[in-house]
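Reading through the structure tokens given below for one structure.
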Amino acid sequence: MEFLHTSFVLTLFLLSLSTLTALSYTFFSPVDNYLIDCGSTLDSTVDNRLFVSDSSRFKSHWLSSTRSVSLKSNNPFDVSPRIYQTARVFTKPSRYEFEIKDKGTHMVRLHFHNLSSSKFDFNDAQFHVLVNGFVALSDFIGENLDGPKVMEYLIWVETGRLVITFVPSCKSKFAFVNAIEVISAPKDLIVDTAQYVSSEKIEQFDGLVEQALEVVYRVNVGGPKVTPFNDTLWRTWVPDNDFLKSSFGSKRVYFSGRIRYQVGGASREVGPDNVYNTARVIKSTNASIPDVNITWVFPVKGGFKYLVRLHFCDIASISIALLYFNVYVNGNLAYKDLDLSGVTNYVLAAPFYADYVVDGDRSGVLTVSVGPSNMSYVYGIDGILNAVEIMKLNNSMGSLVGDLPVEFILKSWPRGNVHVLVPLIASVCLLVILSLVMRRRMTGLKDSVMWSKLPMDVSNVNVKSGSPQP
């Protein structure tokens, strides 16, 4: 009986210890945190997060639109999250404005999902989206959506507001959005400097924080999908299976211990525990080092630069200073003889990340590889990767999609009803001119030719001059 009592007390102690450990984590609380349920009359809760209706009379200053419609799905069997069951539709350029209290990088997420509606055919949706002077989407087509889609951007905000503008591609099209998130990012999420890597050189790349970034891929290597509910910044990380070129020579590893975040290193906001406690590794099982790399291939759009963030955490070695490997981006050596112990203060299970900027070339793919180096050990781990993030940088035109700048998109939209007014005004002017001409002619005839009775003797009349001959 005493043994049972002791076991019960020990269990309570361990539970309380784990609770205190969990409570000791400092969860991120953003200064700016706007979650908007667009087109809804009611607030919605998704993943324990409250999305506020943009129809609320207390929140009307968020939306500036003269022509918008609130839509609700007509599908009674729609089981998608509530934010995808309503939408705000725009038939003219419209914008949401958000007051920003925390200067710096902000996460902007736009949620899109086609609705079943009798008022609008979402196959006709085609529009541009502008975010604080950057072109985020151009000629976005609703017909291409086969399910909910989230577009995520990291935008530097210098002033006290952030503006998101929706512009239909033409008057026969419309724009829409289901939900919007605007969240101030942790100060360490995006640093200003990265390494630019090409086939010719490796050099420092500055000015990242003031670039507009579009999140193209966020991949949890070797692990399952991580949902917003399980992420510190409400992000989604997908498994790496679809991007892995070959799993030959590699294996997955899982870690059940504590991830040891270091001051000055990767924080829990940069990458959550659920990302760092899984990985793919190269491991030598005999006295020779495997001659193999693990490679991931990501389709990208050429003509843009990309920020490639690689996450590492040594959760596989049995001791420090046993893991050395090389890192390649686009086939170019980006980090030679990476020693995770050296960059993490010689602590195992301590996360580290490296940022690289590369060019998206005509091949349309971006590759990431890890493999053994000349300093790798036999019977040890010879390569590891925990996660990959790939973000597109805006081009010289301030666009994330093409060559059209914001000014061109805004000017291309007809002001008011100019396409209707111009022909109408021209027609009215033509009618007025014709009326004046006809009136003048009638007046001229009245003044020069008075009506008189036709002479009986026609032969005595000069028809040309209208006067009798002598």
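Chains: A, B, ... in order of the structure tokens. Residues: from 1 per chain. Ligands: from 1, in order shown.
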Write out, as a tab-separated table, each residue of region 150-208 of chain A that has an atom at most 9 Å from region 28-36 of chain A, together with the closest pair of atoms and their distance in Å to one decimal, counting only C-alpha atoms, rows going by chain and rising number.
residue	atom	partner	partner_atom	distance
A:Asn178	CA	A:Ile36	CA	8.6
A:Ala179	CA	A:Ile36	CA	5.5
A:Ile180	CA	A:Ile36	CA	5.1
A:Glu181	CA	A:Leu35	CA	4.7
A:Val182	CA	A:Tyr34	CA	5.0
A:Ile183	CA	A:Asn33	CA	4.6
A:Ser184	CA	A:Asp32	CA	5.1
A:Ala185	CA	A:Pro30	CA	6.9
A:Pro186	CA	A:Pro30	CA	7.6
Give one line per residue of region 129-188 of chain A that approaches region 119-122 of chain A to at most 12 Å, naming the two atoms of the closest pair and their distance in Å to one decimal, counting only C-alpha atoms; sort by chain then ascending residue number and deliver it as CSV.
residue,atom,partner,partner_atom,distance
A:Phe140,CA,A:Phe122,CA,11.7
A:Ile141,CA,A:Phe122,CA,8.7
A:Gly142,CA,A:Phe122,CA,5.8
A:Glu143,CA,A:Phe122,CA,6.3
A:Asn144,CA,A:Phe122,CA,9.8
A:Leu145,CA,A:Phe122,CA,9.5
A:Asp146,CA,A:Phe122,CA,11.6
A:Ser172,CA,A:Asp121,CA,11.5
A:Lys173,CA,A:Phe122,CA,9.5
A:Phe174,CA,A:Phe122,CA,8.6
A:Ala175,CA,A:Phe122,CA,9.2
A:Phe176,CA,A:Phe122,CA,9.0
A:Val177,CA,A:Phe122,CA,11.4
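Comparing A:Pro81, A:Pro351, A:Gly371, A:Gly249 by their smallest distance to Val263 (chain A), the closest is A:Pro351 (using only C-alpha atoms).
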Quick one: residues within 9 Å of Asp361 (chain A), only C-alpha atoms counted, chain neighbours fewer than 3 positions away excluded, as a compact mmCIF listing (two decimals) with N, CA and C atoms, in the first residue's frame?
# COMPACT_ATOMS: atom_id res chain seq x y z
N VAL A 300 9.96 26.11 -58.81
CA VAL A 300 9.87 27.54 -58.54
C VAL A 300 9.71 28.29 -59.86
N LYS A 301 9.34 29.55 -59.77
CA LYS A 301 9.21 30.41 -60.95
C LYS A 301 10.52 31.13 -61.19
N GLY A 302 11.03 31.05 -62.41
CA GLY A 302 12.27 31.72 -62.75
C GLY A 302 12.13 33.23 -62.77
N GLY A 303 13.28 33.92 -62.73
CA GLY A 303 13.26 35.37 -62.79
C GLY A 303 13.17 36.05 -61.45
N PHE A 304 13.12 35.28 -60.36
CA PHE A 304 13.05 35.85 -59.02
C PHE A 304 14.20 35.31 -58.17
N LYS A 305 14.54 36.05 -57.13
CA LYS A 305 15.45 35.54 -56.12
C LYS A 305 14.63 34.87 -55.02
N GLY A 364 13.45 26.08 -63.61
CA GLY A 364 12.18 26.02 -62.91
C GLY A 364 12.20 25.18 -61.65
N VAL A 365 13.40 24.82 -61.16
CA VAL A 365 13.51 24.05 -59.93
C VAL A 365 14.60 24.65 -59.04
N LEU A 366 14.44 24.43 -57.76
CA LEU A 366 15.43 24.82 -56.76
C LEU A 366 15.74 23.57 -55.94
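Those residues that approach Gln195 (chain A) to within 8 Å, counting only C-alpha atoms, are Thr193, Val197, Ile202, Glu203, Gln204, Phe205, Asp355, Tyr356 and Val357 of chain A; same-chain residues fewer than 2 positions away are not listed.
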Any chance you can output those residues with all heavy atoms as a PDB file, in the first residue's frame?
ATOM      1  N   THR A 193      20.396  40.032 -43.082  1.00  0.00           N
ATOM      2  CA  THR A 193      21.529  39.545 -43.869  1.00  0.00           C
ATOM      3  C   THR A 193      21.437  38.044 -44.119  1.00  0.00           C
ATOM      4  O   THR A 193      21.044  37.286 -43.232  1.00  0.00           O
ATOM      5  CB  THR A 193      22.852  39.864 -43.138  1.00  0.00           C
ATOM      6  OG1 THR A 193      22.937  41.277 -42.949  1.00  0.00           O
ATOM      7  CG2 THR A 193      24.045  39.411 -43.955  1.00  0.00           C
ATOM      8  N   VAL A 197      24.294  32.792 -52.813  1.00  0.00           N
ATOM      9  CA  VAL A 197      25.044  31.639 -53.322  1.00  0.00           C
ATOM     10  C   VAL A 197      24.761  31.481 -54.809  1.00  0.00           C
ATOM     11  O   VAL A 197      23.599  31.408 -55.230  1.00  0.00           O
ATOM     12  CB  VAL A 197      24.651  30.346 -52.570  1.00  0.00           C
ATOM     13  CG1 VAL A 197      25.413  29.149 -53.125  1.00  0.00           C
ATOM     14  CG2 VAL A 197      24.911  30.499 -51.078  1.00  0.00           C
ATOM     15  N   ILE A 202      30.102  33.236 -53.358  1.00  0.00           N
ATOM     16  CA  ILE A 202      29.273  33.331 -52.160  1.00  0.00           C
ATOM     17  C   ILE A 202      29.597  34.676 -51.532  1.00  0.00           C
ATOM     18  O   ILE A 202      30.760  34.955 -51.217  1.00  0.00           O
ATOM     19  CB  ILE A 202      29.554  32.193 -51.160  1.00  0.00           C
ATOM     20  CG1 ILE A 202      29.227  30.834 -51.779  1.00  0.00           C
ATOM     21  CG2 ILE A 202      28.736  32.403 -49.881  1.00  0.00           C
ATOM     22  CD1 ILE A 202      29.516  29.664 -50.846  1.00  0.00           C
ATOM     23  N   GLU A 203      28.578  35.513 -51.355  1.00  0.00           N
ATOM     24  CA  GLU A 203      28.811  36.824 -50.777  1.00  0.00           C
ATOM     25  C   GLU A 203      27.631  37.221 -49.910  1.00  0.00           C
ATOM     26  O   GLU A 203      26.558  36.605 -49.949  1.00  0.00           O
ATOM     27  CB  GLU A 203      29.038  37.864 -51.872  1.00  0.00           C
ATOM     28  CG  GLU A 203      27.849  38.071 -52.796  1.00  0.00           C
ATOM     29  CD  GLU A 203      28.133  39.091 -53.892  1.00  0.00           C
ATOM     30  OE1 GLU A 203      29.307  39.488 -54.025  1.00  0.00           O
ATOM     31  OE2 GLU A 203      27.180  39.486 -54.594  1.00  0.00           O
ATOM     32  N   GLN A 204      27.826  38.273 -49.131  1.00  0.00           N
ATOM     33  CA  GLN A 204      26.780  38.725 -48.220  1.00  0.00           C
ATOM     34  C   GLN A 204      25.668  39.432 -48.981  1.00  0.00           C
ATOM     35  O   GLN A 204      25.923  40.223 -49.886  1.00  0.00           O
ATOM     36  CB  GLN A 204      27.389  39.667 -47.178  1.00  0.00           C
ATOM     37  CG  GLN A 204      26.414  40.106 -46.098  1.00  0.00           C
ATOM     38  CD  GLN A 204      27.108  40.788 -44.934  1.00  0.00           C
ATOM     39  OE1 GLN A 204      27.922  40.174 -44.254  1.00  0.00           O
ATOM     40  NE2 GLN A 204      26.796  42.051 -44.716  1.00  0.00           N
ATOM     41  N   PHE A 205      24.434  39.140 -48.603  1.00  0.00           N
ATOM     42  CA  PHE A 205      23.251  39.767 -49.188  1.00  0.00           C
ATOM     43  C   PHE A 205      22.547  40.542 -48.080  1.00  0.00           C
ATOM     44  O   PHE A 205      22.121  39.963 -47.076  1.00  0.00           O
ATOM     45  CB  PHE A 205      22.318  38.704 -49.773  1.00  0.00           C
ATOM     46  CG  PHE A 205      21.115  39.260 -50.495  1.00  0.00           C
ATOM     47  CD1 PHE A 205      21.120  39.404 -51.870  1.00  0.00           C
ATOM     48  CD2 PHE A 205      19.974  39.645 -49.799  1.00  0.00           C
ATOM     49  CE1 PHE A 205      20.022  39.919 -52.548  1.00  0.00           C
ATOM     50  CE2 PHE A 205      18.872  40.156 -50.459  1.00  0.00           C
ATOM     51  CZ  PHE A 205      18.894  40.293 -51.834  1.00  0.00           C
ATOM     52  N   ASP A 355      20.454  31.013 -43.562  1.00  0.00           N
ATOM     53  CA  ASP A 355      19.704  31.677 -44.634  1.00  0.00           C
ATOM     54  C   ASP A 355      20.579  31.866 -45.865  1.00  0.00           C
ATOM     55  O   ASP A 355      21.714  32.369 -45.760  1.00  0.00           O
ATOM     56  CB  ASP A 355      19.202  33.049 -44.169  1.00  0.00           C
ATOM     57  CG  ASP A 355      17.992  32.959 -43.265  1.00  0.00           C
ATOM     58  OD1 ASP A 355      17.402  31.858 -43.191  1.00  0.00           O
ATOM     59  OD2 ASP A 355      17.631  33.966 -42.633  1.00  0.00           O
ATOM     60  N   TYR A 356      20.030  31.497 -47.027  1.00  0.00           N
ATOM     61  CA  TYR A 356      20.727  31.669 -48.295  1.00  0.00           C
ATOM     62  C   TYR A 356      19.783  32.340 -49.297  1.00  0.00           C
ATOM     63  O   TYR A 356      18.570  32.069 -49.300  1.00  0.00           O
ATOM     64  CB  TYR A 356      21.190  30.322 -48.850  1.00  0.00           C
ATOM     65  CG  TYR A 356      22.083  29.565 -47.906  1.00  0.00           C
ATOM     66  CD1 TYR A 356      21.583  28.512 -47.140  1.00  0.00           C
ATOM     67  CD2 TYR A 356      23.423  29.901 -47.750  1.00  0.00           C
ATOM     68  CE1 TYR A 356      22.390  27.819 -46.254  1.00  0.00           C
ATOM     69  CE2 TYR A 356      24.250  29.213 -46.869  1.00  0.00           C
ATOM     70  CZ  TYR A 356      23.721  28.174 -46.116  1.00  0.00           C
ATOM     71  OH  TYR A 356      24.529  27.493 -45.233  1.00  0.00           O
ATOM     72  N   VAL A 357      20.349  33.179 -50.149  1.00  0.00           N
ATOM     73  CA  VAL A 357      19.593  33.777 -51.247  1.00  0.00           C
ATOM     74  C   VAL A 357      20.153  33.219 -52.545  1.00  0.00           C
ATOM     75  O   VAL A 357      21.368  33.227 -52.762  1.00  0.00           O
ATOM     76  CB  VAL A 357      19.689  35.312 -51.230  1.00  0.00           C
ATOM     77  CG1 VAL A 357      19.060  35.905 -52.491  1.00  0.00           C
ATOM     78  CG2 VAL A 357      19.001  35.875 -49.992  1.00  0.00           C
TER      79      VAL A 357
END
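Distance check against Leu137 (chain A) using only C-alpha atoms: of A:Val157, A:Glu214, A:Leu323, A:Ser118, the minimum falls on A:Glu214.
Proximity ranking of A:Ala316, A:Ala354, A:Ile381, A:Ile190 relative to Ile282 (chain A) places A:Ile381 first, based on only C-alpha atoms.
Each of A:Asp339, A:Glu99, A:Asp240, A:Asp231 was checked against Arg252 (chain A) using only C-alpha atoms; the smallest atom-to-atom distance is that of A:Asp240.
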Give me every helix (DSSP H, G or I) residue in region 279-445 of chain A, going by DSSP on the backbone, as a ChimeraX atom specification.
/A:340-343,406-412,418-445
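The interatomic distance for the pair CA of Val275 (chain A) and CA of Ala387 (chain A) works out to 6.6 Å.
Nearest to Ser65 (chain A) of all the residues A:Ala334, A:Val167, A:Leu340, A:Ile83 is A:Val167, based on only C-alpha atoms.
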Going by DSSP on the backbone, which bits of region 158-244 of chain A are strand (DSSP E)? Write them as a VMD selection string, please.
chain A and resid 161 to 168 175 to 177 179 to 184 193 to 197 202 to 206 213 to 220 238 to 239
With only C-alpha atoms as the counted atoms, please give the residues lying no more than 8 Å from region 367-369 of chain A, apart from itself and same-chain residues fewer than 4 positions off, as a ChimeraX atom specification.
/A:293-298,327-331
Export of prior selection with C-alpha atoms as a PDB file, in the first residue's frame:
ATOM      1  CA  ASN A 293      23.638  13.035 -50.682  1.00  0.00           C
ATOM      2  CA  ILE A 294      20.007  13.571 -49.726  1.00  0.00           C
ATOM      3  CA  THR A 295      18.383  15.954 -52.226  1.00  0.00           C
ATOM      4  CA  TRP A 296      15.065  17.765 -52.246  1.00  0.00           C
ATOM      5  CA  VAL A 297      13.651  19.360 -55.411  1.00  0.00           C
ATOM      6  CA  PHE A 298      11.213  22.303 -55.354  1.00  0.00           C
ATOM      7  CA  VAL A 327      25.208  21.786 -47.447  1.00  0.00           C
ATOM      8  CA  TYR A 328      24.366  22.505 -51.104  1.00  0.00           C
ATOM      9  CA  VAL A 329      21.797  24.874 -52.627  1.00  0.00           C
ATOM     10  CA  ASN A 330      21.087  24.630 -56.347  1.00  0.00           C
ATOM     11  CA  GLY A 331      24.051  22.267 -56.601  1.00  0.00           C
TER      12      GLY A 331
END
Gap from CA of Asp47 (chain A) to CA of Leu115 (chain A) - Å, one decimal
21.4 Å
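If you measure from each of A:Leu189, A:Trp413, A:Asp54, A:Asn48 to Phe229 (chain A) using only C-alpha atoms, the closest one turns out to be A:Asn48.
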As a PyMOL selection string, please: the residues near Lys92 (chain A) (cut-off 12 Å, only C-alpha atoms, same-chain neighbours under 3 positions excluded).
chain A and resi 64-69+89+95+126-128+165-176+410+413-417
Mind dumping the selected residues with N, CA and C atoms as a PDB file, in the first residue's frame?
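The new file selection.pdb reads:
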ATOM      1  N   SER A  64     -12.803  49.438 -46.766  1.00  0.00           N
ATOM      2  CA  SER A  64     -13.140  50.641 -47.517  1.00  0.00           C
ATOM      3  C   SER A  64     -13.562  50.211 -48.916  1.00  0.00           C
ATOM      4  N   SER A  65     -14.860  50.143 -49.145  1.00  0.00           N
ATOM      5  CA  SER A  65     -15.363  49.642 -50.424  1.00  0.00           C
ATOM      6  C   SER A  65     -16.717  50.246 -50.722  1.00  0.00           C
ATOM      7  N   THR A  66     -16.889  50.664 -51.981  1.00  0.00           N
ATOM      8  CA  THR A  66     -18.185  51.181 -52.407  1.00  0.00           C
ATOM      9  C   THR A  66     -19.041  50.110 -53.060  1.00  0.00           C
ATOM     10  N   ARG A  67     -18.416  49.027 -53.502  1.00  0.00           N
ATOM     11  CA  ARG A  67     -19.142  47.957 -54.185  1.00  0.00           C
ATOM     12  C   ARG A  67     -18.632  46.608 -53.701  1.00  0.00           C
ATOM     13  N   SER A  68     -19.161  46.113 -52.597  1.00  0.00           N
ATOM     14  CA  SER A  68     -18.805  44.779 -52.112  1.00  0.00           C
ATOM     15  C   SER A  68     -20.058  44.040 -51.681  1.00  0.00           C
ATOM     16  N   VAL A  69     -19.979  42.717 -51.724  1.00  0.00           N
ATOM     17  CA  VAL A  69     -21.123  41.862 -51.402  1.00  0.00           C
ATOM     18  C   VAL A  69     -20.673  40.789 -50.423  1.00  0.00           C
ATOM     19  N   VAL A  89     -17.014  39.716 -51.653  1.00  0.00           N
ATOM     20  CA  VAL A  89     -16.817  39.844 -53.098  1.00  0.00           C
ATOM     21  C   VAL A  89     -16.741  41.324 -53.456  1.00  0.00           C
ATOM     22  N   ARG A  95     -10.359  48.063 -50.526  1.00  0.00           N
ATOM     23  CA  ARG A  95      -9.197  47.810 -49.670  1.00  0.00           C
ATOM     24  C   ARG A  95      -9.594  47.641 -48.203  1.00  0.00           C
ATOM     25  N   GLN A 126     -11.328  36.871 -61.146  1.00  0.00           N
ATOM     26  CA  GLN A 126      -9.969  37.105 -61.643  1.00  0.00           C
ATOM     27  C   GLN A 126      -9.551  38.490 -61.162  1.00  0.00           C
ATOM     28  N   PHE A 127      -8.437  38.552 -60.429  1.00  0.00           N
ATOM     29  CA  PHE A 127      -8.134  39.821 -59.776  1.00  0.00           C
ATOM     30  C   PHE A 127      -6.668  39.918 -59.367  1.00  0.00           C
ATOM     31  N   HIS A 128      -6.297  41.144 -58.966  1.00  0.00           N
ATOM     32  CA  HIS A 128      -4.975  41.438 -58.436  1.00  0.00           C
ATOM     33  C   HIS A 128      -5.109  41.733 -56.941  1.00  0.00           C
ATOM     34  N   THR A 165      -5.242  45.786 -50.967  1.00  0.00           N
ATOM     35  CA  THR A 165      -6.171  46.239 -51.999  1.00  0.00           C
ATOM     36  C   THR A 165      -6.511  45.108 -52.957  1.00  0.00           C
ATOM     37  N   PHE A 166      -7.789  44.957 -53.265  1.00  0.00           N
ATOM     38  CA  PHE A 166      -8.267  43.953 -54.210  1.00  0.00           C
ATOM     39  C   PHE A 166      -8.782  44.672 -55.453  1.00  0.00           C
ATOM     40  N   VAL A 167      -8.246  44.294 -56.624  1.00  0.00           N
ATOM     41  CA  VAL A 167      -8.599  44.960 -57.871  1.00  0.00           C
ATOM     42  C   VAL A 167      -9.054  43.914 -58.895  1.00  0.00           C
ATOM     43  N   PRO A 168     -10.330  43.892 -59.288  1.00  0.00           N
ATOM     44  CA  PRO A 168     -10.759  42.978 -60.360  1.00  0.00           C
ATOM     45  C   PRO A 168      -9.957  43.243 -61.635  1.00  0.00           C
ATOM     46  N   SER A 169      -9.653  42.179 -62.393  1.00  0.00           N
ATOM     47  CA  SER A 169      -8.825  42.330 -63.598  1.00  0.00           C
ATOM     48  C   SER A 169      -9.500  43.191 -64.652  1.00  0.00           C
ATOM     49  N   CYS A 170     -10.831  43.132 -64.721  1.00  0.00           N
ATOM     50  CA  CYS A 170     -11.595  43.984 -65.630  1.00  0.00           C
ATOM     51  C   CYS A 170     -13.019  44.067 -65.091  1.00  0.00           C
ATOM     52  N   LYS A 171     -13.869  44.852 -65.756  1.00  0.00           N
ATOM     53  CA  LYS A 171     -15.199  45.091 -65.207  1.00  0.00           C
ATOM     54  C   LYS A 171     -16.107  43.875 -65.262  1.00  0.00           C
ATOM     55  N   SER A 172     -15.754  42.882 -66.091  1.00  0.00           N
ATOM     56  CA  SER A 172     -16.566  41.677 -66.173  1.00  0.00           C
ATOM     57  C   SER A 172     -16.149  40.631 -65.143  1.00  0.00           C
ATOM     58  N   LYS A 173     -15.077  40.915 -64.390  1.00  0.00           N
ATOM     59  CA  LYS A 173     -14.577  39.980 -63.380  1.00  0.00           C
ATOM     60  C   LYS A 173     -14.819  40.552 -61.982  1.00  0.00           C
ATOM     61  N   PHE A 174     -14.525  39.732 -60.963  1.00  0.00           N
ATOM     62  CA  PHE A 174     -14.656  40.222 -59.597  1.00  0.00           C
ATOM     63  C   PHE A 174     -13.541  39.634 -58.738  1.00  0.00           C
ATOM     64  N   ALA A 175     -13.337  40.232 -57.571  1.00  0.00           N
ATOM     65  CA  ALA A 175     -12.342  39.756 -56.604  1.00  0.00           C
ATOM     66  C   ALA A 175     -13.065  39.242 -55.369  1.00  0.00           C
ATOM     67  N   PHE A 176     -12.381  38.425 -54.599  1.00  0.00           N
ATOM     68  CA  PHE A 176     -12.992  37.936 -53.363  1.00  0.00           C
ATOM     69  C   PHE A 176     -11.901  37.511 -52.383  1.00  0.00           C
ATOM     70  N   LEU A 410      -3.299  49.945 -60.821  1.00  0.00           N
ATOM     71  CA  LEU A 410      -4.302  50.897 -60.355  1.00  0.00           C
ATOM     72  C   LEU A 410      -4.791  51.794 -61.484  1.00  0.00           C
ATOM     73  N   TRP A 413      -7.399  50.288 -64.101  1.00  0.00           N
ATOM     74  CA  TRP A 413      -8.824  50.186 -63.766  1.00  0.00           C
ATOM     75  C   TRP A 413      -9.530  51.467 -64.153  1.00  0.00           C
ATOM     76  N   PRO A 414     -10.661  51.397 -64.922  1.00  0.00           N
ATOM     77  CA  PRO A 414     -11.374  52.613 -65.349  1.00  0.00           C
ATOM     78  C   PRO A 414     -11.935  53.365 -64.163  1.00  0.00           C
ATOM     79  N   ARG A 415     -11.675  54.675 -64.143  1.00  0.00           N
ATOM     80  CA  ARG A 415     -12.189  55.512 -63.061  1.00  0.00           C
ATOM     81  C   ARG A 415     -13.691  55.682 -63.206  1.00  0.00           C
ATOM     82  N   GLY A 416     -14.412  55.375 -62.175  1.00  0.00           N
ATOM     83  CA  GLY A 416     -15.868  55.498 -62.201  1.00  0.00           C
ATOM     84  C   GLY A 416     -16.453  54.652 -63.302  1.00  0.00           C
ATOM     85  N   ASN A 417     -17.392  55.227 -64.092  1.00  0.00           N
ATOM     86  CA  ASN A 417     -18.012  54.527 -65.218  1.00  0.00           C
ATOM     87  C   ASN A 417     -17.537  55.133 -66.535  1.00  0.00           C
TER      88      ASN A 417
END
